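S.K.: Once you've had a glance at the structure underneath, I'll fire off some questions.
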Amino acid sequence: MHELSLADAIVSALLKMQQEEGWGEVKEVRLRVGALRQVFPEMLSFAFETVTKETSLAGAALVIEEVPLVWRCLDCGSEWKEDSGVCPSCGSFRREALAGTELEIHSVEVGVS
Amino acid sequence: MSKIVTLQQSVMAEDEKFAASIRERNSRIGLLMVNIIGSPGCGKTTLLEKTAMRTGLSMAVIEGDLATDRDAERMARLGVPVVQINTRGGCHLEANIVEKAMESLPLDTLDVLFIENVGNLVCPAEFDLGEDFKVAVLSTPEGADKPLKYPYLFTSSKVVLLTKTDLLPHLTFDMKMFTEDVKRLNPLAHVLHLNAVDGGGIEEWTDFLILRAKEKKAHVR
């Protein structure tokens, strides 16, 4: 159900841009999805295919790039990959997600006449 | 012939605009907004009932459920302004729906607005509603392994409430595992243990809320 809402948001945004920018056929859509975003790629692909049916995006390929998690310590600057809230170098609890929270339409390949 | 167009646009861009507009308005009027997330039956509505009875804060609730207005009735019985949203099949609330629901609440007279999200540990954690913070609610019968199984909610919540602690003597709940896992995922989270039977822990929760509501009001210029 969650993937269906995402597919719907992606398709609405793309249809709007297709009209505004005068794109031809949309051949490929590239998404970047962070590991923290709880997206199940197979289910999103299926939802995308379903939502695009009978729209001008029908047949567009969906490529999902999964972005692994990277945390950075706000105190010592160390970076680590596992989902742990504690800096492995200095033990600080203050961290930011450098990567892994993405949920973006990265690019599209469109036909031009 | 074809070309690649780079967009780097958030999938939720449309909804993020609604969340930003809610956040901006709440800052302007000093209204604290709290997004309560947990499984069906974990005690979200009971928590809000106890909160309404104990805090003395002026509060309102937006209830998200697939069906019925039972939760709204429970809040209305306590004189709390409430809006019920029925999502039919929808597994979470989104900011555009919340903004609409807020229109029928007396926002200027409130200290805290609670969103009781649809019972679910997955999707509600993903959608920014414009809240100040999320509260993850887990009840002891659900099991101590849940934080690691649903890490996004527990990583992104400011408060983790463990409810139904009066049942602990009857369960095999591994408190050490729960405490360590939450600490590992989110070391800065405020973890509180509550039970609605004798009201244990509820004061800590309401003290926390009162403080946050005051901070929010203090920032209005």
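Chain labels run A, B, ... following the order of the structure tokens; each chain numbers its residues from 1, and ligands are numbered from 1 in the order shown.
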Could you tell me which residues of chain B sit within 12 Å of chain A when counting only C-alpha atoms, and give me the result as a ChimeraX atom specification?
M.R.: /B:1-16,87-94,120-127,147-156,180-189
S.K.: With N, CA and C atoms retained, could you export that selection as a compact mmCIF listing (two decimals), in the first residue's frame?
M.R.:
```txt
# COMPACT_ATOMS: atom_id res chain seq x y z
N MET B 1 16.18 9.46 -31.06
CA MET B 1 16.91 10.44 -30.23
C MET B 1 16.28 10.54 -28.85
N SER B 2 17.15 10.55 -27.88
CA SER B 2 16.61 10.78 -26.54
C SER B 2 17.63 11.54 -25.71
N LYS B 3 17.16 12.12 -24.60
CA LYS B 3 18.08 12.83 -23.71
C LYS B 3 17.78 12.46 -22.27
N ILE B 4 18.80 12.63 -21.44
CA ILE B 4 18.64 12.36 -20.02
C ILE B 4 18.39 13.69 -19.31
N VAL B 5 17.33 13.75 -18.56
CA VAL B 5 17.04 14.96 -17.78
C VAL B 5 17.28 14.63 -16.31
N THR B 6 18.19 15.37 -15.69
CA THR B 6 18.46 15.14 -14.27
C THR B 6 17.49 15.97 -13.44
N LEU B 7 16.80 15.32 -12.52
CA LEU B 7 15.77 16.02 -11.73
C LEU B 7 16.14 16.15 -10.25
N GLN B 8 16.65 15.07 -9.68
CA GLN B 8 16.97 15.02 -8.24
C GLN B 8 15.85 15.64 -7.41
N GLN B 9 14.65 15.21 -7.72
CA GLN B 9 13.48 15.77 -7.04
C GLN B 9 12.91 14.75 -6.07
N SER B 10 12.59 15.20 -4.87
CA SER B 10 12.02 14.29 -3.88
C SER B 10 10.70 13.73 -4.38
N VAL B 11 10.51 12.44 -4.16
CA VAL B 11 9.27 11.79 -4.59
C VAL B 11 8.07 12.42 -3.86
N MET B 12 8.30 12.80 -2.63
CA MET B 12 7.21 13.36 -1.84
C MET B 12 7.16 14.89 -1.89
N ALA B 13 7.72 15.47 -2.95
CA ALA B 13 7.83 16.94 -3.01
C ALA B 13 6.50 17.64 -2.76
N GLU B 14 5.42 17.13 -3.35
CA GLU B 14 4.11 17.78 -3.21
C GLU B 14 3.68 17.79 -1.75
N ASP B 15 3.80 16.61 -1.12
CA ASP B 15 3.34 16.50 0.25
C ASP B 15 4.24 17.26 1.22
N GLU B 16 5.53 17.34 0.87
CA GLU B 16 6.47 18.08 1.73
C GLU B 16 6.08 19.56 1.82
N THR B 87 -9.31 6.52 6.62
CA THR B 87 -8.47 6.36 5.43
C THR B 87 -8.98 5.23 4.54
N ARG B 88 -10.07 4.58 4.94
CA ARG B 88 -10.60 3.38 4.27
C ARG B 88 -9.50 2.32 4.23
N GLY B 89 -8.75 2.22 3.16
CA GLY B 89 -7.70 1.21 3.16
C GLY B 89 -6.33 1.78 3.47
N GLY B 90 -6.22 3.11 3.49
CA GLY B 90 -4.90 3.76 3.56
C GLY B 90 -4.16 3.44 4.85
N CYS B 91 -2.87 3.16 4.72
CA CYS B 91 -2.10 2.65 5.85
C CYS B 91 -1.43 3.76 6.66
N HIS B 92 -1.59 5.02 6.25
CA HIS B 92 -0.92 6.12 6.94
C HIS B 92 -1.66 7.41 6.66
N LEU B 93 -1.31 8.48 7.37
CA LEU B 93 -1.85 9.81 7.08
C LEU B 93 -0.82 10.60 6.29
N GLU B 94 -1.29 11.55 5.48
CA GLU B 94 -0.39 12.43 4.74
C GLU B 94 -0.71 13.87 5.08
N ASN B 120 0.13 1.12 12.84
CA ASN B 120 1.04 0.55 11.85
C ASN B 120 2.44 1.04 12.22
N LEU B 121 3.43 0.13 12.21
CA LEU B 121 4.78 0.55 12.59
C LEU B 121 5.63 0.93 11.38
N VAL B 122 5.07 0.79 10.17
CA VAL B 122 5.89 0.97 8.98
C VAL B 122 5.62 2.32 8.31
N CYS B 123 4.54 2.40 7.53
CA CYS B 123 4.31 3.56 6.67
C CYS B 123 4.18 4.90 7.40
N PRO B 124 3.46 4.96 8.54
CA PRO B 124 3.29 6.28 9.16
C PRO B 124 4.63 6.96 9.47
N ALA B 125 5.67 6.17 9.72
CA ALA B 125 6.97 6.75 10.07
C ALA B 125 7.59 7.50 8.90
N GLU B 126 7.16 7.18 7.68
CA GLU B 126 7.76 7.73 6.47
C GLU B 126 7.25 9.11 6.10
N PHE B 127 6.04 9.43 6.54
CA PHE B 127 5.39 10.63 6.01
C PHE B 127 5.45 11.77 7.01
N PRO B 147 11.80 -2.97 17.96
CA PRO B 147 12.61 -1.83 17.49
C PRO B 147 13.56 -2.21 16.35
N LEU B 148 14.23 -3.34 16.45
CA LEU B 148 15.15 -3.72 15.37
C LEU B 148 14.41 -4.16 14.12
N LYS B 149 13.18 -4.68 14.30
CA LYS B 149 12.42 -5.13 13.13
C LYS B 149 11.79 -3.95 12.38
N TYR B 150 11.57 -2.86 13.09
CA TYR B 150 10.98 -1.66 12.47
C TYR B 150 11.87 -0.46 12.76
N PRO B 151 13.13 -0.49 12.28
CA PRO B 151 14.11 0.49 12.75
C PRO B 151 13.79 1.94 12.38
N TYR B 152 13.14 2.17 11.26
CA TYR B 152 12.94 3.57 10.83
C TYR B 152 12.12 4.34 11.85
N LEU B 153 11.03 3.74 12.33
CA LEU B 153 10.20 4.42 13.33
C LEU B 153 11.00 4.73 14.59
N PHE B 154 11.75 3.73 15.07
CA PHE B 154 12.45 3.92 16.34
C PHE B 154 13.66 4.84 16.19
N THR B 155 14.22 4.90 14.99
CA THR B 155 15.34 5.81 14.74
C THR B 155 14.86 7.26 14.64
N SER B 156 13.64 7.44 14.10
CA SER B 156 13.21 8.80 13.79
C SER B 156 12.29 9.41 14.86
N GLU B 180 18.59 -2.02 25.11
CA GLU B 180 19.84 -1.92 24.35
C GLU B 180 19.58 -1.61 22.88
N ASP B 181 18.56 -2.24 22.30
CA ASP B 181 18.27 -2.02 20.88
C ASP B 181 17.83 -0.57 20.63
N VAL B 182 16.97 -0.04 21.51
CA VAL B 182 16.52 1.34 21.32
C VAL B 182 17.71 2.28 21.48
N LYS B 183 18.54 2.00 22.45
CA LYS B 183 19.72 2.83 22.70
C LYS B 183 20.64 2.83 21.49
N ARG B 184 20.77 1.66 20.88
CA ARG B 184 21.65 1.52 19.72
C ARG B 184 21.09 2.29 18.52
N LEU B 185 19.78 2.16 18.30
CA LEU B 185 19.16 2.83 17.14
C LEU B 185 19.08 4.33 17.35
N ASN B 186 18.79 4.73 18.58
CA ASN B 186 18.44 6.13 18.82
C ASN B 186 18.82 6.53 20.25
N PRO B 187 20.12 6.76 20.45
CA PRO B 187 20.60 6.98 21.83
C PRO B 187 20.01 8.23 22.49
N LEU B 188 19.51 9.17 21.71
CA LEU B 188 18.99 10.40 22.31
C LEU B 188 17.49 10.33 22.60
N ALA B 189 16.84 9.21 22.25
CA ALA B 189 15.39 9.10 22.46
C ALA B 189 15.06 9.11 23.95
```
S.K.: Find the residues around B:Leu168 up to 12 Å (only C-alpha atoms counted), leave out those fewer than 4 positions away in its own chain, and share them as a count of residues only.
M.R.: 16
S.K.: Using only C-alpha atoms, pick whichever of A:Leu4, A:Ala61, A:Leu14, A:Val67 has the shortest atom-to-atom distance to A:Ala99.
M.R.: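 Nearest candidate to A:Ala99 out of A:Leu4, A:Ala61, A:Leu14, A:Val67: A:Val67.
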S.K.: As a ChimeraX atom specification, please: every residue in stretch 32-182 of chain B that a backbone DSSP assignment puts in strand (DSSP E or B).
M.R.: /B:32-38,59-65,82-86,112-116,133-139,159-163
S.K.: Could those residues be written to a file, using C-alpha atoms, as an mmCIF file, in the first residue's frame?
M.R.:
```cif
data_model
loop_
_atom_site.group_PDB
_atom_site.id
_atom_site.type_symbol
_atom_site.label_atom_id
_atom_site.label_comp_id
_atom_site.auth_asym_id
_atom_site.auth_seq_id
_atom_site.Cartn_x
_atom_site.Cartn_y
_atom_site.Cartn_z
ATOM 1 C CA LEU B 32 3.104 21.920 19.523
ATOM 2 C CA MET B 33 2.213 19.064 17.168
ATOM 3 C CA VAL B 34 2.958 15.463 18.123
ATOM 4 C CA ASN B 35 2.634 12.482 15.781
ATOM 5 C CA ILE B 36 1.774 9.301 17.727
ATOM 6 C CA ILE B 37 2.700 6.070 15.948
ATOM 7 C CA GLY B 38 2.261 2.456 17.066
ATOM 8 C CA MET B 59 -5.289 19.827 23.458
ATOM 9 C CA ALA B 60 -6.990 18.515 20.340
ATOM 10 C CA VAL B 61 -6.645 15.261 18.436
ATOM 11 C CA ILE B 62 -6.748 14.233 14.800
ATOM 12 C CA GLU B 63 -7.619 10.538 14.676
ATOM 13 C CA GLY B 64 -6.503 8.405 11.747
ATOM 14 C CA ASP B 65 -8.201 5.031 11.364
ATOM 15 C CA VAL B 82 -11.334 15.918 17.705
ATOM 16 C CA VAL B 83 -11.433 15.273 13.969
ATOM 17 C CA GLN B 84 -11.720 11.726 12.701
ATOM 18 C CA ILE B 85 -10.096 10.841 9.385
ATOM 19 C CA ASN B 86 -11.116 7.496 7.878
ATOM 20 C CA VAL B 112 -0.856 20.684 21.783
ATOM 21 C CA LEU B 113 -2.278 18.996 18.719
ATOM 22 C CA PHE B 114 -1.912 15.216 18.666
ATOM 23 C CA ILE B 115 -2.087 13.192 15.502
ATOM 24 C CA GLU B 116 -3.025 9.619 16.324
ATOM 25 C CA PHE B 133 8.321 15.190 16.834
ATOM 26 C CA LYS B 134 7.172 11.608 16.519
ATOM 27 C CA VAL B 135 6.369 9.329 19.431
ATOM 28 C CA ALA B 136 6.813 5.588 18.925
ATOM 29 C CA VAL B 137 4.458 3.552 21.111
ATOM 30 C CA LEU B 138 5.189 -0.116 21.736
ATOM 31 C CA SER B 139 3.197 -2.306 24.135
ATOM 32 C CA VAL B 159 10.155 9.664 22.355
ATOM 33 C CA VAL B 160 9.703 5.907 22.744
ATOM 34 C CA LEU B 161 6.861 4.880 25.044
ATOM 35 C CA LEU B 162 6.701 1.308 26.325
ATOM 36 C CA THR B 163 3.096 0.716 27.427
#
```
S.K.: Out of chain A, which residues get alpha helix (DSSP H) from DSSP, as an MDAnalysis selection string?
M.R.: chainID A and resid 2:21 41:52
S.K.: Write a file of the just-selected residues containing N, CA and C atoms, as an mmCIF file, in the first residue's frame.
M.R.:
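After the write, out-v1.cif holds the following:
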```cif
data_model
loop_
_atom_site.group_PDB
_atom_site.id
_atom_site.type_symbol
_atom_site.label_atom_id
_atom_site.label_comp_id
_atom_site.auth_asym_id
_atom_site.auth_seq_id
_atom_site.Cartn_x
_atom_site.Cartn_y
_atom_site.Cartn_z
ATOM 1 N N HIS A 2 1.933 1.166 0.761
ATOM 2 C CA HIS A 2 2.887 2.238 0.860
ATOM 3 C C HIS A 2 3.561 2.479 -0.499
ATOM 4 N N GLU A 3 3.993 1.397 -1.135
ATOM 5 C CA GLU A 3 4.654 1.499 -2.446
ATOM 6 C C GLU A 3 3.698 2.074 -3.489
ATOM 7 N N LEU A 4 2.405 1.743 -3.344
ATOM 8 C CA LEU A 4 1.427 2.255 -4.301
ATOM 9 C C LEU A 4 1.308 3.778 -4.185
ATOM 10 N N SER A 5 1.312 4.307 -2.955
ATOM 11 C CA SER A 5 1.271 5.778 -2.781
ATOM 12 C C SER A 5 2.501 6.410 -3.405
ATOM 13 N N LEU A 6 3.666 5.762 -3.217
ATOM 14 C CA LEU A 6 4.901 6.315 -3.789
ATOM 15 C C LEU A 6 4.835 6.315 -5.310
ATOM 16 N N ALA A 7 4.395 5.185 -5.877
ATOM 17 C CA ALA A 7 4.296 5.085 -7.334
ATOM 18 C C ALA A 7 3.354 6.167 -7.864
ATOM 19 N N ASP A 8 2.273 6.369 -7.141
ATOM 20 C CA ASP A 8 1.290 7.364 -7.553
ATOM 21 C C ASP A 8 1.907 8.774 -7.534
ATOM 22 N N ALA A 9 2.679 9.075 -6.490
ATOM 23 C CA ALA A 9 3.327 10.388 -6.387
ATOM 24 C C ALA A 9 4.348 10.577 -7.510
ATOM 25 N N ILE A 10 5.106 9.516 -7.818
ATOM 26 C CA ILE A 10 6.122 9.589 -8.884
ATOM 27 C C ILE A 10 5.446 9.838 -10.232
ATOM 28 N N VAL A 11 4.398 9.079 -10.498
ATOM 29 C CA VAL A 11 3.720 9.176 -11.789
ATOM 30 C C VAL A 11 3.043 10.543 -11.944
ATOM 31 N N SER A 12 2.385 11.034 -10.888
ATOM 32 C CA SER A 12 1.743 12.357 -10.989
ATOM 33 C C SER A 12 2.777 13.433 -11.294
ATOM 34 N N ALA A 13 3.922 13.386 -10.594
ATOM 35 C CA ALA A 13 4.966 14.388 -10.805
ATOM 36 C C ALA A 13 5.500 14.321 -12.231
ATOM 37 N N LEU A 14 5.716 13.083 -12.729
ATOM 38 C CA LEU A 14 6.284 12.930 -14.070
ATOM 39 C C LEU A 14 5.305 13.347 -15.170
ATOM 40 N N LEU A 15 4.032 13.006 -14.994
ATOM 41 C CA LEU A 15 3.040 13.386 -16.015
ATOM 42 C C LEU A 15 2.947 14.903 -16.127
ATOM 43 N N LYS A 16 3.019 15.553 -14.963
ATOM 44 C CA LYS A 16 2.951 17.013 -14.937
ATOM 45 C C LYS A 16 4.154 17.609 -15.670
ATOM 46 N N MET A 17 5.351 17.060 -15.355
ATOM 47 C CA MET A 17 6.571 17.589 -15.997
ATOM 48 C C MET A 17 6.578 17.295 -17.489
ATOM 49 N N GLN A 18 6.072 16.106 -17.842
ATOM 50 C CA GLN A 18 6.053 15.730 -19.258
ATOM 51 C C GLN A 18 5.256 16.768 -20.060
ATOM 52 N N GLN A 19 4.139 17.176 -19.478
ATOM 53 C CA GLN A 19 3.291 18.148 -20.165
ATOM 54 C C GLN A 19 3.956 19.530 -20.189
ATOM 55 N N GLU A 20 4.480 19.937 -19.023
ATOM 56 C CA GLU A 20 5.077 21.276 -18.925
ATOM 57 C C GLU A 20 6.337 21.428 -19.780
ATOM 58 N N GLU A 21 7.159 20.345 -19.787
ATOM 59 C CA GLU A 21 8.449 20.439 -20.484
ATOM 60 C C GLU A 21 8.367 19.969 -21.933
ATOM 61 N N PRO A 41 11.758 -2.772 -3.400
ATOM 62 C CA PRO A 41 11.890 -2.438 -4.815
ATOM 63 C C PRO A 41 10.948 -3.216 -5.739
ATOM 64 N N GLU A 42 10.823 -4.534 -5.536
ATOM 65 C CA GLU A 42 9.962 -5.330 -6.420
ATOM 66 C C GLU A 42 8.522 -4.818 -6.374
ATOM 67 N N MET A 43 8.086 -4.459 -5.167
ATOM 68 C CA MET A 43 6.705 -4.022 -5.022
ATOM 69 C C MET A 43 6.512 -2.639 -5.651
ATOM 70 N N LEU A 44 7.538 -1.805 -5.540
ATOM 71 C CA LEU A 44 7.452 -0.476 -6.151
ATOM 72 C C LEU A 44 7.427 -0.592 -7.679
ATOM 73 N N SER A 45 8.232 -1.499 -8.226
ATOM 74 C CA SER A 45 8.246 -1.704 -9.678
ATOM 75 C C SER A 45 6.877 -2.163 -10.159
ATOM 76 N N PHE A 46 6.290 -3.084 -9.422
ATOM 77 C CA PHE A 46 4.964 -3.599 -9.787
ATOM 78 C C PHE A 46 3.927 -2.471 -9.714
ATOM 79 N N ALA A 47 3.997 -1.662 -8.644
ATOM 80 C CA ALA A 47 3.041 -0.565 -8.477
ATOM 81 C C ALA A 47 3.208 0.459 -9.595
ATOM 82 N N PHE A 48 4.473 0.728 -9.972
ATOM 83 C CA PHE A 48 4.755 1.699 -11.039
ATOM 84 C C PHE A 48 4.136 1.229 -12.357
ATOM 85 N N GLU A 49 4.324 -0.073 -12.626
ATOM 86 C CA GLU A 49 3.783 -0.636 -13.858
ATOM 87 C C GLU A 49 2.256 -0.510 -13.867
ATOM 88 N N THR A 50 1.658 -0.774 -12.723
ATOM 89 C CA THR A 50 0.195 -0.723 -12.619
ATOM 90 C C THR A 50 -0.320 0.705 -12.787
ATOM 91 N N VAL A 51 0.336 1.650 -12.122
ATOM 92 C CA VAL A 51 -0.150 3.036 -12.134
ATOM 93 C C VAL A 51 0.055 3.690 -13.505
ATOM 94 N N THR A 52 1.119 3.275 -14.226
ATOM 95 C CA THR A 52 1.395 3.927 -15.512
ATOM 96 C C THR A 52 0.532 3.387 -16.654
#
```
S.K.: Hey, which of B:Gly41, B:Asn96, B:Ala213, B:Ser157 ends up closest to B:His190? Count only C-alpha atoms.
M.R.: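 When distances to B:His190 are compared using only C-alpha atoms, the smallest one comes from B:Ser157.
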S.K.: Which distance in Å separates atom CA of A:Leu98 and atom CA of A:Glu79, to one decimal?
M.R.: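 Separation between atom CA of A:Leu98 and atom CA of A:Glu79: 8.6 Å.
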S.K.: In Å, how far is it from atom CA of B:Ala72 to atom CA of B:Gly200?
M.R.: 24.7 Å
S.K.: If you measure from atom CA of B:Ala67 to atom CA of B:Lys50, what distance in Å do you get, rounded to one decimal?
M.R.: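 Spanning atom CA of B:Ala67 to atom CA of B:Lys50 is a straight-line distance of 23.1 Å.
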S.K.: I'd like the neighbourhood of B:Ala95 as a compact mmCIF listing (two decimals) with C-alpha atoms, in the first residue's frame, where a residue qualifies if any of its atoms comes within 10 Å (using only C-alpha atoms), though same-chain residues fewer than 3 positions away should be ignored.
M.R.:
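Result file is selection-v6.txt:
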```txt
# COMPACT_ATOMS: atom_id res chain seq x y z
CA GLU B 14 4.11 17.78 -3.21
CA ASP B 15 3.34 16.50 0.25
CA GLU B 16 6.47 18.08 1.73
CA LYS B 17 5.02 21.47 0.79
CA PHE B 18 1.96 20.78 2.93
CA ALA B 19 4.14 19.61 5.83
CA ALA B 20 6.24 22.78 5.57
CA SER B 21 3.16 24.98 5.56
CA ILE B 22 1.76 23.21 8.67
CA VAL B 98 -3.96 16.65 8.04
CA GLU B 99 -3.92 20.26 6.90
CA LYS B 100 -7.53 19.97 5.81
CA ALA B 101 -8.52 18.37 9.12
CA PHE B 127 5.39 10.63 6.01
CA ASP B 128 6.23 14.03 7.46
CA LEU B 129 3.03 15.64 8.71
CA GLY B 130 4.69 18.86 9.84
CA GLU B 131 4.91 17.62 13.44
```
